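For reference, the structure is listed below as structure tokens.
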Amino acid sequence: MTVAPRIELYIVDVCGTLVLDDTTLGLLRHHFAKDTARPLRARLFSAVCTPSSLPWWVFAVAEKLTGQHLLKRFAVRQLAGERCEALVESAHEYARRLLADRRVDPVWQVLEEPMATGRVLLASASLDPVIAALAYLTGARYVASSLEQRDGILTGHYETDLTGLKHQAMVTKYGETLLEGPISVMTDNATDRSLVEMASVAYIVLHKAAHRERWQGIGATFIEIDS
């Protein structure tokens, strides 16, 4: 009988896989809600970034037409002038809330032992402060998109956007040997297909049964959740 090799690294997407939230929008919503000096900004942000609102649909249509991630760039633009330190503080508050209330339970069941033995890497195109906070709280390694800043003040722009670039980011940060052993990939994100194809074991989170069609030709364990 052939014994399956021990998985040396679990590469885990965050938004929609580890937790049920868009953590870029969620972090900024939490951060802006704390700013009592500018309550209108929090209201505007919530109105624009709430799924199924009219502004959200406008962004969704524009993104389909342009192929650009316009909503998240709009969201990040609202951070111009904010102190990095303040956003990091908000990120730790928000991360603790995610871990308390928004876990995807079937994914965490798989990760219980890998988390305990330090074999998890969070790979996300979400913002570094929140992914770093989640990594700190769980003992995982991570890669994430970074924000441009000057002298501790955010400019409202990305420094690096990891969308579609997770593989390169992991190798750059942790070295070529990181992916040499058997790996597992867990994701709900179709842009992670190249990573999934590298995996010895893959888990695909499906928020809708119809999303299975996106993964034709992929051998994986499918985790269907009601999100």
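Chain labels A, B, ... are given in the sequence in which chains occur in the structure tokens; within each chain residues are numbered consecutively from 1, and ligands are likewise numbered from 1 in the order shown.
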
Practice item. Within 10 Å of Ala209 of chain A, counting only C-alpha atoms, which residues show up once you throw out same-chain ones fewer than 6 positions away? Write them as a list in words, please. Key: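 Here the qualifying residues turn out to be Phe222, Ile223, Glu224, Ile225 and Asp226 of chain A.
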
How would the residues just picked look written out with N, CA and C atoms as a PDB file, in the first residue's frame?
```pdb
ATOM      1  N   PHE A 222     -13.701  19.241  -2.546  1.00  0.00           N
ATOM      2  CA  PHE A 222     -14.534  20.443  -2.597  1.00  0.00           C
ATOM      3  C   PHE A 222     -15.284  20.600  -1.282  1.00  0.00           C
ATOM      4  N   ILE A 223     -15.203  21.799  -0.725  1.00  0.00           N
ATOM      5  CA  ILE A 223     -15.874  22.138   0.521  1.00  0.00           C
ATOM      6  C   ILE A 223     -16.975  23.137   0.190  1.00  0.00           C
ATOM      7  N   GLU A 224     -18.224  22.680   0.253  1.00  0.00           N
ATOM      8  CA  GLU A 224     -19.358  23.556  -0.066  1.00  0.00           C
ATOM      9  C   GLU A 224     -19.849  24.216   1.216  1.00  0.00           C
ATOM     10  N   ILE A 225     -19.948  25.541   1.193  1.00  0.00           N
ATOM     11  CA  ILE A 225     -20.410  26.267   2.361  1.00  0.00           C
ATOM     12  C   ILE A 225     -21.525  27.209   1.957  1.00  0.00           C
ATOM     13  N   ASP A 226     -22.348  27.547   2.905  1.00  0.00           N
ATOM     14  CA  ASP A 226     -23.440  28.491   2.693  1.00  0.00           C
ATOM     15  C   ASP A 226     -22.979  29.844   3.218  1.00  0.00           C
TER      16      ASP A 226
END
```

Exercise for review: Do a neighbour search on Arg6 of chain A at 10 Å with only C-alpha atoms, toss out local chain neighbours closer than 5 positions, and write the hits as a PyMOL selection string.
Suggested key: chain A and resi 181-184+200

Restricted to C-alpha atoms, what would the selected residues look like written as a PDB file, in the first residue's frame?
```
ATOM      1  CA  GLY A 181       8.173  19.492  -0.706  1.00  0.00           C
ATOM      2  CA  PRO A 182       4.580  18.228  -0.840  1.00  0.00           C
ATOM      3  CA  ILE A 183       2.189  21.149  -0.460  1.00  0.00           C
ATOM      4  CA  SER A 184      -1.526  21.586   0.037  1.00  0.00           C
ATOM      5  CA  SER A 200      -0.207  17.395  -3.846  1.00  0.00           C
TER       6      SER A 200
END
```

Check your understanding: Which neighbours of Lys166 of chain A fall inside 9 Å, counting only C-alpha atoms, when residues of the same chain fewer than 2 positions from it are skipped, and could you give them as a PyMOL selection string?
Key -> chain A and resi 123-125+143-144+162-164+168-171+192+195

Practice item. Tell me, as a PyMOL selection string, which residues lie within 9 Å of segment 11-19 of chain A, counting only C-alpha atoms; anything in the same chain fewer than 6 positions away does not count. Key: chain A and resi 98-99+101-105+107-108+119-126+131+142+183-189+192+195+204-207+227

Practice item. Tell me, in Å to one decimal, how far atom CA of Tyr94 of chain A is from atom CA of His157 of chain A. Key: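 Atom CA of His157 of chain A lies 21.1 Å from atom CA of Tyr94 of chain A.
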